[in-house]
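Source file final.cif; content: mmCIF, C-alpha atoms and all ligand atoms.
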```cif
data_entry
loop_
_atom_site.label_atom_id
_atom_site.label_comp_id
_atom_site.auth_asym_id
_atom_site.auth_seq_id
_atom_site.Cartn_x
_atom_site.Cartn_y
_atom_site.Cartn_z
CA MET A 1 11.78 46.71 -75.83
CA ARG A 2 13.19 48.11 -79.02
CA SER A 3 10.77 49.65 -81.43
CA ILE A 4 10.92 48.56 -85.04
CA SER A 5 10.94 52.13 -86.25
CA ARG A 6 14.72 52.35 -86.27
CA ARG A 7 15.08 50.04 -89.21
CA THR A 8 11.71 50.66 -90.79
CA MET A 9 12.22 54.38 -91.07
CA ALA A 10 15.73 54.03 -92.40
CA LYS A 11 14.97 51.45 -95.02
CA GLY A 12 11.74 53.05 -96.06
CA THR A 13 10.34 49.85 -97.56
CA LEU A 14 9.34 47.73 -94.62
CA GLY A 15 5.88 49.20 -94.29
CA SER A 16 4.75 47.56 -97.49
CA LEU A 17 3.79 44.03 -96.61
CA VAL A 18 4.50 41.32 -99.07
CA VAL A 19 1.32 39.50 -99.91
CA LEU A 20 1.38 37.31 -102.95
CA ALA A 21 -1.46 35.29 -104.31
CA LEU A 22 -0.95 33.22 -107.43
CA GLY A 23 -4.25 31.46 -107.36
CA ASP A 24 -4.85 30.43 -110.97
CA ALA A 25 -3.52 27.22 -112.45
CA GLY A 26 -1.19 28.93 -114.93
CA ALA A 27 0.54 30.88 -112.22
CA THR A 28 0.86 27.77 -110.07
CA GLU A 29 2.46 25.85 -112.91
CA ALA A 30 4.84 28.74 -113.55
CA ALA A 31 5.70 28.76 -109.85
CA GLN A 32 6.45 25.02 -109.84
CA THR A 33 8.92 25.36 -112.70
CA SER A 34 10.62 28.46 -111.39
CA PRO A 35 14.43 28.63 -111.61
CA LEU A 36 14.28 29.45 -107.90
CA PHE A 37 13.94 25.70 -107.26
CA GLU A 38 17.07 24.66 -109.11
CA PRO A 39 20.08 23.54 -107.08
CA PHE A 40 23.29 25.59 -107.00
CA LYS A 41 26.80 25.46 -105.64
CA PHE A 42 28.17 28.46 -103.74
CA GLY A 43 31.86 27.55 -103.69
CA ASP A 44 32.00 24.42 -101.51
CA ILE A 45 28.39 24.81 -100.34
CA GLU A 46 25.84 22.83 -102.34
CA VAL A 47 22.27 24.04 -101.96
CA ASN A 48 18.91 22.52 -102.91
CA ASN A 49 17.41 25.70 -104.29
CA ARG A 50 18.23 29.32 -105.05
CA MET A 51 16.15 30.88 -102.30
CA ALA A 52 18.39 32.16 -99.53
CA MET A 53 17.01 33.36 -96.22
CA ALA A 54 18.44 36.85 -95.73
CA PRO A 55 20.11 37.62 -92.39
CA LEU A 56 17.50 38.80 -89.88
CA THR A 57 18.35 40.16 -86.44
CA ARG A 58 15.57 39.05 -84.09
CA GLY A 59 16.95 39.87 -80.64
CA ARG A 60 16.03 36.60 -78.92
CA ALA A 61 19.48 35.54 -77.66
CA GLY A 62 19.09 37.00 -74.16
CA ALA A 63 21.58 38.78 -71.92
CA GLN A 64 24.25 36.11 -72.36
CA ARG A 65 24.10 36.59 -76.15
CA THR A 66 23.88 32.80 -76.50
CA PRO A 67 21.77 30.92 -79.07
CA ASN A 68 19.03 28.96 -77.31
CA ALA A 69 16.30 26.38 -77.90
CA LEU A 70 13.82 28.95 -79.24
CA MET A 71 16.34 30.16 -81.81
CA THR A 72 17.07 26.56 -82.79
CA GLU A 73 13.38 25.99 -83.40
CA TYR A 74 13.11 29.19 -85.49
CA TYR A 75 16.01 28.26 -87.77
CA GLU A 76 14.93 24.63 -88.04
CA GLN A 77 11.48 25.79 -89.21
CA ARG A 78 13.16 27.64 -92.10
CA ALA A 79 15.61 24.87 -93.13
CA SER A 80 13.98 24.38 -96.55
CA ALA A 81 15.67 27.61 -97.68
CA GLY A 82 18.54 26.69 -99.99
CA LEU A 83 20.87 28.69 -97.78
CA ILE A 84 20.13 30.33 -94.44
CA VAL A 85 22.24 33.35 -93.61
CA SER A 86 22.10 33.67 -89.82
CA GLU A 87 21.20 36.86 -88.04
CA ALA A 88 24.17 39.21 -87.60
CA THR A 89 26.41 37.83 -84.84
CA ALA A 90 29.03 39.76 -82.86
CA ILE A 91 32.61 38.65 -83.45
CA SER A 92 33.86 40.28 -80.21
CA PRO A 93 32.55 42.14 -77.15
CA MET A 94 33.67 45.42 -78.77
CA GLY A 95 31.67 44.59 -81.90
CA TYR A 96 28.43 44.17 -79.94
CA GLY A 97 25.62 46.73 -79.79
CA TRP A 98 22.13 45.35 -80.40
CA LEU A 99 19.85 44.19 -77.60
CA GLY A 100 19.42 40.41 -77.55
CA SER A 101 21.59 39.71 -80.57
CA PRO A 102 23.94 36.72 -80.36
CA GLY A 103 27.71 36.44 -80.25
CA VAL A 104 30.30 33.94 -81.44
CA TYR A 105 33.20 34.80 -79.18
CA THR A 106 32.76 32.39 -76.23
CA GLN A 107 32.57 28.62 -75.98
CA ALA A 108 28.97 28.93 -74.74
CA HIS A 109 28.09 30.82 -77.93
CA VAL A 110 29.71 28.09 -80.03
CA ASP A 111 27.84 25.38 -78.15
CA GLY A 112 24.53 27.22 -78.59
CA TRP A 113 25.15 27.60 -82.31
CA LYS A 114 25.99 23.88 -82.57
CA ASP A 115 22.39 23.08 -81.70
CA VAL A 116 21.16 25.47 -84.40
CA THR A 117 23.41 24.09 -87.14
CA SER A 118 22.62 20.46 -86.21
CA ALA A 119 18.89 21.15 -86.40
CA VAL A 120 19.18 22.84 -89.81
CA HIS A 121 21.37 20.02 -91.14
CA ARG A 122 18.97 17.37 -89.83
CA ARG A 123 16.36 18.98 -92.07
CA GLY A 124 18.69 18.97 -95.08
CA GLY A 125 19.39 22.73 -94.99
CA LYS A 126 22.58 24.77 -95.14
CA ILE A 127 23.45 27.69 -92.87
CA VAL A 128 26.23 30.28 -92.77
CA LEU A 129 27.02 32.63 -89.90
CA GLN A 130 26.93 36.37 -90.53
CA LEU A 131 30.00 37.95 -88.89
CA TRP A 132 29.21 41.34 -87.36
CA HIS A 133 31.10 44.24 -85.85
CA MET A 134 28.91 47.30 -85.34
CA GLY A 135 31.73 49.83 -85.08
CA ARG A 136 30.47 53.37 -84.50
CA VAL A 137 26.81 52.37 -84.14
CA SER A 138 27.39 50.50 -80.90
CA HIS A 139 27.06 52.47 -77.64
CA PRO A 140 29.05 52.71 -74.35
CA ASP A 141 26.08 51.06 -72.59
CA TYR A 142 26.98 47.82 -74.42
CA LEU A 143 30.73 48.26 -73.99
CA ASP A 144 31.21 48.63 -70.22
CA GLY A 145 31.41 52.38 -70.72
CA GLN A 146 34.03 52.29 -73.47
CA THR A 147 33.61 54.52 -76.51
CA PRO A 148 32.68 52.63 -79.70
CA ILE A 149 35.37 52.49 -82.37
CA GLY A 150 35.19 53.32 -86.06
CA PRO A 151 37.34 54.42 -88.97
CA SER A 152 36.89 58.11 -88.06
CA ALA A 153 35.48 60.16 -85.19
CA ILE A 154 32.16 60.86 -86.95
CA ALA A 155 28.91 60.24 -85.10
CA VAL A 156 25.62 59.19 -86.65
CA ALA A 157 23.06 61.94 -86.11
CA ASP A 158 20.41 59.63 -84.71
CA SER A 159 19.53 57.59 -81.64
CA THR A 160 19.97 53.97 -80.71
CA TYR A 161 18.41 51.57 -78.22
CA THR A 162 20.53 50.43 -75.31
CA PRO A 163 19.64 48.32 -72.27
CA GLN A 164 19.15 51.71 -70.53
CA GLY A 165 16.74 53.08 -73.14
CA LYS A 166 16.89 55.27 -76.24
CA LYS A 167 20.05 57.40 -76.43
CA PRO A 168 21.86 59.45 -79.07
CA TYR A 169 24.79 57.80 -80.81
CA VAL A 170 28.13 58.93 -79.40
CA THR A 171 31.14 60.10 -81.39
CA PRO A 172 33.30 57.02 -81.99
CA ARG A 173 37.02 56.88 -81.38
CA GLU A 174 39.17 56.58 -84.51
CA MET A 175 40.74 53.12 -84.59
CA THR A 176 44.50 52.86 -84.39
CA GLN A 177 46.28 50.65 -86.90
CA GLN A 178 46.96 48.22 -84.06
CA GLU A 179 43.23 48.05 -83.32
CA ILE A 180 42.52 47.49 -86.99
CA ALA A 181 44.94 44.55 -87.02
CA SER A 182 43.45 43.01 -83.88
CA THR A 183 39.91 43.45 -85.22
CA VAL A 184 40.92 41.70 -88.45
CA ASN A 185 42.15 38.87 -86.25
CA ASP A 186 38.80 38.84 -84.39
CA TYR A 187 37.06 38.13 -87.71
CA ALA A 188 39.43 35.22 -88.33
CA GLN A 189 38.82 33.82 -84.85
CA ALA A 190 35.07 34.13 -85.36
CA ALA A 191 35.36 32.15 -88.60
CA ILE A 192 37.26 29.41 -86.76
CA ARG A 193 34.54 29.30 -84.11
CA ALA A 194 31.83 29.22 -86.77
CA ARG A 195 33.49 26.19 -88.28
CA GLU A 196 33.64 24.53 -84.86
CA ALA A 197 29.94 25.32 -84.37
CA GLY A 198 29.10 23.33 -87.51
CA PHE A 199 28.24 26.14 -89.91
CA ASP A 200 28.61 25.54 -93.65
CA GLY A 201 30.41 28.83 -94.00
CA VAL A 202 30.45 32.47 -92.97
CA GLU A 203 29.12 35.68 -94.47
CA ILE A 204 31.24 38.74 -93.74
CA HIS A 205 28.78 41.54 -92.93
CA ALA A 206 30.16 44.47 -94.90
CA ALA A 207 26.74 46.07 -95.42
CA ASN A 208 24.19 48.39 -93.81
CA GLY A 209 26.51 50.89 -92.14
CA TYR A 210 28.39 48.56 -89.80
CA LEU A 211 32.15 48.58 -89.27
CA ILE A 212 33.41 47.33 -92.63
CA ASP A 213 30.88 49.46 -94.54
CA GLN A 214 31.99 52.43 -92.38
CA PHE A 215 35.48 51.97 -93.80
CA ILE A 216 34.23 51.54 -97.38
CA ARG A 217 31.92 54.55 -97.75
CA ASP A 218 33.27 58.07 -97.67
CA SER A 219 30.55 59.53 -95.43
CA SER A 220 32.05 57.70 -92.42
CA ASN A 221 35.71 57.41 -93.41
CA ARG A 222 37.90 60.53 -93.37
CA ARG A 223 41.15 58.76 -92.53
CA THR A 224 44.38 60.08 -93.95
CA ASP A 225 46.40 56.85 -93.59
CA GLY A 226 46.36 53.76 -95.81
CA TYR A 227 42.76 52.96 -94.75
CA GLY A 228 41.17 56.19 -96.01
CA GLY A 229 41.05 58.55 -98.97
CA SER A 230 41.16 56.64 -102.27
CA ILE A 231 38.69 53.86 -103.06
CA ASP A 232 41.54 51.40 -102.91
CA ASN A 233 42.46 52.57 -99.41
CA ARG A 234 38.85 52.49 -98.18
CA LEU A 235 38.63 48.90 -99.40
CA ARG A 236 41.79 47.88 -97.52
CA PHE A 237 39.97 46.84 -94.33
CA LEU A 238 37.47 44.73 -96.31
CA ARG A 239 40.38 43.16 -98.19
CA GLU A 240 42.29 42.37 -94.98
CA VAL A 241 39.24 40.93 -93.21
CA THR A 242 38.37 38.78 -96.22
CA GLU A 243 41.95 37.56 -96.54
CA ALA A 244 42.06 36.65 -92.83
CA VAL A 245 38.72 34.82 -92.91
CA VAL A 246 39.61 32.93 -96.07
CA LYS A 247 42.93 31.86 -94.50
CA ALA A 248 41.20 30.88 -91.27
CA TRP A 249 38.72 28.66 -93.09
CA SER A 250 38.36 28.54 -96.87
CA PRO A 251 37.38 30.82 -99.77
CA GLY A 252 34.73 28.30 -100.82
CA ARG A 253 33.08 28.74 -97.42
CA THR A 254 33.19 32.54 -97.33
CA GLY A 255 30.61 35.00 -98.63
CA VAL A 256 30.45 38.80 -98.31
CA ARG A 257 27.41 41.08 -98.04
CA LEU A 258 27.50 44.64 -99.43
CA SER A 259 24.80 47.32 -99.62
CA PRO A 260 26.11 50.01 -101.99
CA THR A 261 23.23 52.46 -101.64
CA ASN A 262 21.47 51.64 -98.39
CA PRO A 263 21.32 54.91 -96.40
CA TYR A 264 20.61 53.09 -93.13
CA ASN A 265 22.90 54.14 -90.23
CA GLY A 266 23.62 57.50 -91.83
CA MET A 267 25.57 56.10 -94.77
CA SER A 268 26.35 57.45 -98.24
CA ASP A 269 29.13 57.43 -100.79
CA ARG A 270 29.79 60.08 -103.40
CA ALA A 271 30.69 57.50 -106.06
CA ALA A 272 28.82 54.38 -104.98
CA SER A 273 29.00 52.60 -108.33
CA ALA A 274 32.76 53.09 -108.70
CA THR A 275 33.39 52.18 -105.05
CA PHE A 276 31.34 49.01 -105.06
CA THR A 277 32.35 47.79 -108.50
CA ALA A 278 35.93 48.09 -107.23
CA ALA A 279 34.90 46.17 -104.09
CA ALA A 280 33.44 43.37 -106.21
CA LYS A 281 36.70 43.24 -108.20
CA VAL A 282 38.78 43.03 -105.02
CA LEU A 283 36.55 40.25 -103.69
CA ASN A 284 36.62 38.35 -106.96
CA ASP A 285 40.34 37.73 -106.52
CA PHE A 286 39.65 35.55 -103.46
CA GLY A 287 37.50 32.96 -105.30
CA LEU A 288 34.75 33.28 -102.69
CA ALA A 289 31.57 31.22 -102.34
CA TYR A 290 29.41 34.23 -103.09
CA LEU A 291 28.79 37.96 -103.09
CA HIS A 292 25.47 39.07 -101.61
CA VAL A 293 24.27 42.51 -102.72
CA VAL A 294 21.39 44.39 -101.14
CA GLU A 295 19.74 46.22 -104.04
CA ALA A 296 16.05 46.82 -104.56
CA PRO A 297 14.57 45.58 -107.84
CA VAL A 298 14.49 48.31 -110.47
CA ALA A 299 10.82 49.09 -109.97
CA LYS A 300 11.34 49.78 -106.27
CA ALA A 301 14.81 51.29 -106.41
CA ARG A 302 15.09 54.48 -104.44
CA VAL A 303 18.50 55.23 -105.93
CA PRO A 304 20.18 54.77 -109.33
CA ALA A 305 18.90 51.44 -110.56
CA ARG A 306 20.98 48.35 -111.13
CA ILE A 307 24.06 49.34 -109.21
CA ALA A 308 24.63 45.60 -108.86
CA ALA A 309 24.92 44.96 -112.62
CA PRO A 310 28.55 46.09 -113.01
CA MET A 311 29.38 44.23 -109.78
CA ARG A 312 27.93 41.06 -111.28
CA GLU A 313 30.10 41.61 -114.38
CA VAL A 314 33.34 41.53 -112.42
CA PHE A 315 32.49 39.03 -109.69
CA LYS A 316 32.71 35.58 -111.24
CA SER A 317 31.30 33.23 -108.58
CA GLY A 318 27.92 32.99 -106.81
CA PHE A 319 25.90 36.21 -106.86
CA ILE A 320 22.92 36.76 -104.54
CA LEU A 321 20.55 39.70 -104.84
CA ASN A 322 18.24 40.98 -102.12
CA ASP A 323 15.62 43.54 -101.15
CA SER A 324 11.95 43.42 -101.88
CA TYR A 325 11.92 40.44 -104.22
CA ASP A 326 8.90 38.16 -104.58
CA ALA A 327 8.44 34.87 -106.46
CA THR A 328 7.98 36.58 -109.83
CA THR A 329 10.69 39.24 -109.65
CA GLY A 330 13.10 36.74 -108.06
CA ALA A 331 12.60 34.22 -110.85
CA ALA A 332 12.99 36.99 -113.45
CA ALA A 333 16.30 38.07 -111.90
CA LEU A 334 17.59 34.51 -112.21
CA THR A 335 16.32 34.10 -115.78
CA SER A 336 17.89 37.36 -116.91
CA GLY A 337 21.21 36.33 -115.38
CA ALA A 338 21.21 39.23 -112.91
CA ALA A 339 21.79 36.78 -110.05
CA ASP A 340 22.36 33.11 -109.20
CA ALA A 341 20.12 33.22 -106.13
CA ILE A 342 17.73 35.58 -104.37
CA ALA A 343 17.71 36.31 -100.65
CA TYR A 344 14.32 36.82 -99.00
CA GLY A 345 14.17 38.52 -95.63
CA ARG A 346 10.70 39.50 -94.43
CA PRO A 347 9.03 36.77 -96.54
CA PHE A 348 11.06 34.07 -94.70
CA LEU A 349 10.53 35.81 -91.39
CA ALA A 350 6.76 35.40 -91.75
CA ASN A 351 6.69 32.18 -93.78
CA PRO A 352 8.80 29.32 -92.46
CA ASP A 353 7.69 27.26 -95.47
CA LEU A 354 8.32 30.01 -98.03
CA VAL A 355 9.82 27.58 -100.55
CA GLU A 356 6.72 25.38 -100.45
CA ARG A 357 4.44 28.41 -100.70
CA PHE A 358 6.28 29.63 -103.80
CA ARG A 359 6.10 26.11 -105.24
CA ARG A 360 2.36 25.90 -104.73
CA GLY A 361 1.66 29.53 -105.53
CA GLY A 362 0.23 29.89 -102.04
CA GLN A 363 -0.66 33.10 -100.26
CA LEU A 364 1.95 34.51 -97.90
CA ASN A 365 1.61 35.44 -94.23
CA ALA A 366 2.33 39.13 -93.71
CA PRO A 367 5.21 39.96 -91.35
CA ASP A 368 4.21 41.51 -88.02
CA LEU A 369 6.50 44.52 -87.59
CA LYS A 370 5.65 44.87 -83.90
CA THR A 371 7.35 41.57 -83.02
CA PHE A 372 10.48 41.89 -85.18
CA TYR A 373 12.74 42.50 -82.16
CA THR A 374 10.65 41.50 -79.14
CA ASP A 375 11.16 38.56 -76.79
CA GLY A 376 9.68 35.11 -77.01
CA ALA A 377 7.85 32.92 -79.51
CA LYS A 378 5.18 35.43 -80.58
CA GLY A 379 5.93 36.67 -84.08
CA TYR A 380 8.98 34.39 -84.12
CA THR A 381 8.18 30.68 -84.15
CA ASP A 382 4.38 30.90 -84.34
CA TYR A 383 3.87 31.88 -88.00
CA PRO A 384 1.69 29.13 -89.51
CA THR A 385 2.77 26.93 -92.41
CA LEU A 386 0.38 25.97 -95.22
CA THR A 387 -0.34 22.71 -93.45
CA SER A 388 -0.43 23.84 -89.81
C1 LIG B 401 13.82 42.31 -88.75
C2 LIG B 401 14.97 42.54 -89.67
C3 LIG B 401 16.25 42.24 -89.24
C4 LIG B 401 17.35 42.38 -90.10
N1 LIG B 401 18.59 42.01 -89.68
C5 LIG B 401 19.64 42.01 -90.55
C6 LIG B 401 20.90 41.48 -90.17
O1 LIG B 401 21.10 40.95 -89.07
N2 LIG B 401 21.92 41.53 -91.09
C7 LIG B 401 21.74 42.10 -92.33
O2 LIG B 401 22.69 42.12 -93.12
N3 LIG B 401 20.53 42.59 -92.72
C8 LIG B 401 19.50 42.53 -91.87
N4 LIG B 401 18.24 42.98 -92.28
C9 LIG B 401 18.03 43.31 -93.69
C10 LIG B 401 17.53 42.07 -94.45
O3 LIG B 401 18.53 41.07 -94.52
C11 LIG B 401 17.09 42.41 -95.88
O4 LIG B 401 18.14 43.06 -96.52
C12 LIG B 401 15.82 43.28 -95.89
O5 LIG B 401 14.81 42.74 -95.06
C13 LIG B 401 15.28 43.42 -97.32
O6 LIG B 401 14.95 42.15 -97.83
P1 LIG B 401 13.39 41.70 -97.97
O7 LIG B 401 12.75 42.75 -98.81
O8 LIG B 401 13.42 40.35 -98.63
O9 LIG B 401 12.84 41.68 -96.58
C14 LIG B 401 17.15 42.87 -91.42
C15 LIG B 401 15.85 43.22 -91.83
C16 LIG B 401 14.78 43.04 -90.98
C17 LIG B 401 13.40 43.35 -91.48
#
```
Would you encode the structure as C-alpha cells?
Ligand SMILES: Cc1cc2nc3c(=O)[nH]c(=O)nc-3n(C[C@H](O)[C@H](O)[C@H](O)COP(=O)(O)O)c2cc1C
Amino acid sequence: MRSISRRTMAKGTLGSLVVLALGDAGATEAAQTSPLFEPFKFGDIEVNNRMAMAPLTRGRAGAQRTPNALMTEYYEQRASAGLIVSEATAISPMGYGWLGSPGVYTQAHVDGWKDVTSAVHRRGGKIVLQLWHMGRVSHPDYLDGQTPIGPSAIAVADSTYTPQGKKPYVTPREMTQQEIASTVNDYAQAAIRAREAGFDGVEIHAANGYLIDQFIRDSSNRRTDGYGGSIDNRLRFLREVTEAVVKAWSPGRTGVRLSPTNPYNGMSDRAASATFTAAAKVLNDFGLAYLHVVEAPVAKARVPARIAAPMREVFKSGFILNDSYDATTGAAALTSGAADAIAYGRPFLANPDLVERFRRGGQLNAPDLKTFYTDGAKGYTDYPTLTS
C-alpha cells in the first residue's frame, strides 16, 4: 500500500502533529466565543460555523472507485464541520491516478456519493465535491497504458505509486486544443453529476500541482498557444473550467482551491504573487461561493508570507484559508479579516468532533500518518470522540 512519504516529504509540515490543550478556564471561555463558531454563507451555501474540513484523499474507494458504506460513515462522523470539502474525486478516467481514490464519472459513483451526501445532510452538515484531474501526475498504469496528458511535455522528477508498485513519473503528452475543450466539458459533466448526487456544491481543484495548477504555474506550462506564456494565457484553462462549471450548475455553488506556493508535485512559479492575485481577480468576476487558498500561517510559512492577502483584496466573496491552523491562529485569522473561514485537514482527519473539541478547549487526537492512505477502518473511522 502507498506510503505516506510522498505527501509528507513534499509538504514538509505533516510530521509536526497538532496537539492542542486549552485546559484553563480562560482559554475554554475564549474557545467558546470564537468567531470560528459563527454561521456564514458561501454563495448559496449556508453553513453553521466557519470551520471547513479540508479535502483529504484517503484511498478507501476500492478498485471500482465508488464511494461505499465505510466512506459514508467517515464523512457522517465529521458532519459538524461547517462545510466538508470531499476528498479529490476524478472527473474522468483520464483524470484518475491515485490508488483507491473515488470518481464521479459513472452512475455507480453518483449513487455511492448519494449515500454520503444524505448522511451528512441528516446530521445537518454541508458537503461539496472536489473535482480532480491529475494531468501529468497520473501514470499509464492507471490509464490502460495511455500516456498522461498535461499542458506541456514536462515530467515531474519523482516517483508515484501505481497498482503495480512505485514507478517514476512519465513524460506527459501535451494536450491538443480539442483535448482541452473536451476536458473542460468533463468538469461541467462532473458538476452536473455532483448535483445529482446531492452535493451542496463543487470545489474546482486548481491546487497542489494537478492539471489546472499545471496550466497556471510556469514550471509546468511552456505552451506557445493561447494557453501558455503570459499570466492571462496560463489562467485561460482555469477561466474556461470555472465558466463551464458555473454554467452547468451555479456560481453560488462553486468554489475554487488554489495553492500559490505549494511545491508539491514539482511545482513553482517565478511570479507567484502576480500570477495568483490575477487568478483571484479572474475568479472574482464569476461571483463564486468561495475561494480556498492553501497558505501556511505567517509563523510557519516556508515561502514569502501572506501571499493570500492581495488575493483576499480582490476576491469579494467567501475566502477560506488553510494549512497548519489551530483554534487560536484560525480565530485570529477571522478576527483580523484575513479570511471568512478556516479549513482544517489533519485535525479533522484525527478528530471527527473537532468543532466540539475547539468549543470545549479539549485536547486533540494526533493523526496517524501510517494509516492516511491504507485500507479499512483503522485510522479512518476509529478515531475517538470526546464522549466515545
Ligand atoms: C492525507 C491527506 C490527504 C490530502 N488530500 C487532499 C486532497 O484530496 N485534495 C486537496 O486539495 N488537498 C489534499 N490534502 C491537503 C489538505 O487539504 C491540506 O491542505 C493540508 O493537510 C494542510 O492542512 P492542515 O494543516 O489543516 O492539515 C491532503 C492532505 C493530507 C494530509
Distance cut-off 9 Å, centre (17.1, 23.3, -82.7) in file coordinates, counting all atoms listed in the file: which residues qualify? Return them as a CSV table (one decimal) with C-alpha atoms, in the coordinates of the input.
```csv
chain,number,residue,atom,x,y,z
A,68,ASN,CA,19.0,29.0,-77.3
A,69,ALA,CA,16.3,26.4,-77.9
A,70,LEU,CA,13.8,29.0,-79.2
A,71,MET,CA,16.3,30.2,-81.8
A,72,THR,CA,17.1,26.6,-82.8
A,73,GLU,CA,13.4,26.0,-83.4
A,74,TYR,CA,13.1,29.2,-85.5
A,75,TYR,CA,16.0,28.3,-87.8
A,76,GLU,CA,14.9,24.6,-88.0
A,77,GLN,CA,11.5,25.8,-89.2
A,114,LYS,CA,26.0,23.9,-82.6
A,115,ASP,CA,22.4,23.1,-81.7
A,116,VAL,CA,21.2,25.5,-84.4
A,117,THR,CA,23.4,24.1,-87.1
A,118,SER,CA,22.6,20.5,-86.2
A,119,ALA,CA,18.9,21.2,-86.4
A,120,VAL,CA,19.2,22.8,-89.8
```
Counting only C-alpha atoms and all ligand atoms, give me one row per residue of chain A with an atom at most 6 Å from an atom of ligand LIG 401 (chain B), showing the shortest contact pair and its distance in Å to one decimal, sorted by chain then residue number, as a tab-separated table.
```
residue	atom	partner	partner_atom	distance
A:Ala54	CA	B:LIG401	O3	4.4
A:Pro55	CA	B:LIG401	O3	4.4
A:Leu56	CA	B:LIG401	N1	3.4
A:Thr57	CA	B:LIG401	N1	3.7
A:Arg58	CA	B:LIG401	C1	6.0
A:Glu87	CA	B:LIG401	O1	4.2
A:Ala88	CA	B:LIG401	O1	3.8
A:Val294	CA	B:LIG401	O4	5.8
A:Asn322	CA	B:LIG401	O6	5.5
A:Asp323	CA	B:LIG401	O6	3.7
A:Ser324	CA	B:LIG401	O7	3.2
A:Tyr325	CA	B:LIG401	O8	5.8
A:Tyr344	CA	B:LIG401	O8	3.7
A:Gly345	CA	B:LIG401	O9	3.6
A:Arg346	CA	B:LIG401	O9	3.7
A:Phe372	CA	B:LIG401	C1	4.9
```
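Proximity to Glu179 of chain A at 12 Å, evaluated using all atoms listed in the file and with sequence-adjacent residues fewer than 4 positions away removed, yields Met94, Gly135, Ile149, Gly150, Pro151, Arg173, Glu174, Met175, Thr183, Val184, Asn185, Asp186 and Phe237 of chain A.
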Based on the selection just made, write C-alpha atoms of those residues as a compact mmCIF listing (two decimals), keeping the file's coordinate frame.
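Below is the file again-v3.txt, written as the result:
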```
# COMPACT_ATOMS: atom_id res chain seq x y z
CA MET A 94 33.67 45.42 -78.77
CA GLY A 135 31.73 49.83 -85.08
CA ILE A 149 35.37 52.49 -82.37
CA GLY A 150 35.19 53.32 -86.06
CA PRO A 151 37.34 54.42 -88.97
CA ARG A 173 37.02 56.88 -81.38
CA GLU A 174 39.17 56.58 -84.51
CA MET A 175 40.74 53.12 -84.59
CA THR A 183 39.91 43.45 -85.22
CA VAL A 184 40.92 41.70 -88.45
CA ASN A 185 42.15 38.87 -86.25
CA ASP A 186 38.80 38.84 -84.39
CA PHE A 237 39.97 46.84 -94.33
```
Compile the contact shell of Ala81 of chain A as a PyMOL selection string: residues with an atom at most 7 Å away, counting all atoms listed in the file, same-chain residues fewer than 6 positions apart removed. chain A and resi 51-53+125+355
Selection: 8 Å around segment 315-319 of chain A, all atoms listed in the file, excl. self and same-chain fewer than 4 positions, as a list in words: Lys41, Phe42, Gly43, Ala280, Lys281, Leu283, Asn284, Gly287, Leu288, Ala289, Tyr290, Leu291, His292, Val293, Met311, Ala339, Asp340 and Ala341 of chain A
Selection as a PDB file with C-alpha atoms, in the frame of the given file: residues within 9 Å of (27.5, 60.7, -79.2), counting all atoms listed in the file:
```pdb
ATOM      1  CA  HIS A 139      27.060  52.470 -77.640  1.00  0.00           C
ATOM      2  CA  ALA A 155      28.910  60.240 -85.100  1.00  0.00           C
ATOM      3  CA  VAL A 156      25.620  59.190 -86.650  1.00  0.00           C
ATOM      4  CA  ALA A 157      23.060  61.940 -86.110  1.00  0.00           C
ATOM      5  CA  SER A 159      19.530  57.590 -81.640  1.00  0.00           C
ATOM      6  CA  LYS A 167      20.050  57.400 -76.430  1.00  0.00           C
ATOM      7  CA  PRO A 168      21.860  59.450 -79.070  1.00  0.00           C
ATOM      8  CA  TYR A 169      24.790  57.800 -80.810  1.00  0.00           C
ATOM      9  CA  VAL A 170      28.130  58.930 -79.400  1.00  0.00           C
ATOM     10  CA  THR A 171      31.140  60.100 -81.390  1.00  0.00           C
ATOM     11  CA  PRO A 172      33.300  57.020 -81.990  1.00  0.00           C
TER      12      PRO A 172
END
```
Segment 224-233 of chain A environment, 12 Å, only C-alpha atoms, sequence neighbours closer than 6 positions dropped, as a JSON list (two decimals) with C-alpha atoms, keeping the file's coordinate frame:
```json
[["chain", "number", "residue", "atom", "x", "y", "z"],
["A", 150, "GLY", "CA", 35.19, 53.32, -86.06],
["A", 151, "PRO", "CA", 37.34, 54.42, -88.97],
["A", 152, "SER", "CA", 36.89, 58.11, -88.06],
["A", 174, "GLU", "CA", 39.17, 56.58, -84.51],
["A", 175, "MET", "CA", 40.74, 53.12, -84.59],
["A", 176, "THR", "CA", 44.50, 52.86, -84.39],
["A", 177, "GLN", "CA", 46.28, 50.65, -86.90],
["A", 180, "ILE", "CA", 42.52, 47.49, -86.99],
["A", 181, "ALA", "CA", 44.94, 44.55, -87.02],
["A", 212, "ILE", "CA", 33.41, 47.33, -92.63],
["A", 214, "GLN", "CA", 31.99, 52.43, -92.38],
["A", 215, "PHE", "CA", 35.48, 51.97, -93.80],
["A", 216, "ILE", "CA", 34.23, 51.54, -97.38],
["A", 217, "ARG", "CA", 31.92, 54.55, -97.75],
["A", 218, "ASP", "CA", 33.27, 58.07, -97.67],
["A", 239, "ARG", "CA", 40.38, 43.16, -98.19],
["A", 240, "GLU", "CA", 42.29, 42.37, -94.98],
["A", 269, "ASP", "CA", 29.13, 57.43, -100.79],
["A", 270, "ARG", "CA", 29.79, 60.08, -103.40],
["A", 271, "ALA", "CA", 30.69, 57.50, -106.06],
["A", 272, "ALA", "CA", 28.82, 54.38, -104.98],
["A", 273, "SER", "CA", 29.00, 52.60, -108.33],
["A", 274, "ALA", "CA", 32.76, 53.09, -108.70],
["A", 275, "THR", "CA", 33.39, 52.18, -105.05],
["A", 276, "PHE", "CA", 31.34, 49.01, -105.06],
["A", 277, "THR", "CA", 32.35, 47.79, -108.50],
["A", 278, "ALA", "CA", 35.93, 48.09, -107.23],
["A", 279, "ALA", "CA", 34.90, 46.17, -104.09],
["A", 280, "ALA", "CA", 33.44, 43.37, -106.21],
["A", 281, "LYS", "CA", 36.70, 43.24, -108.20],
["A", 282, "VAL", "CA", 38.78, 43.03, -105.02]]
```
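The space separating atom CA of Arg312 of chain A from atom CA of Leu131 of chain A comes to 22.7 Å.
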Counting all atoms listed in the file, the residue of A:Ala79, A:Ala190, A:Leu238, A:Ile127 that sits nearest Pro352 of chain A: A:Ala79
Long-range neighbours of Tyr142 of chain A as a VMD selection string, 8 Å cut-off, all atoms listed in the file, 4 positions minimum in chain: chain A and resid 96 to 97 138 162 to 163
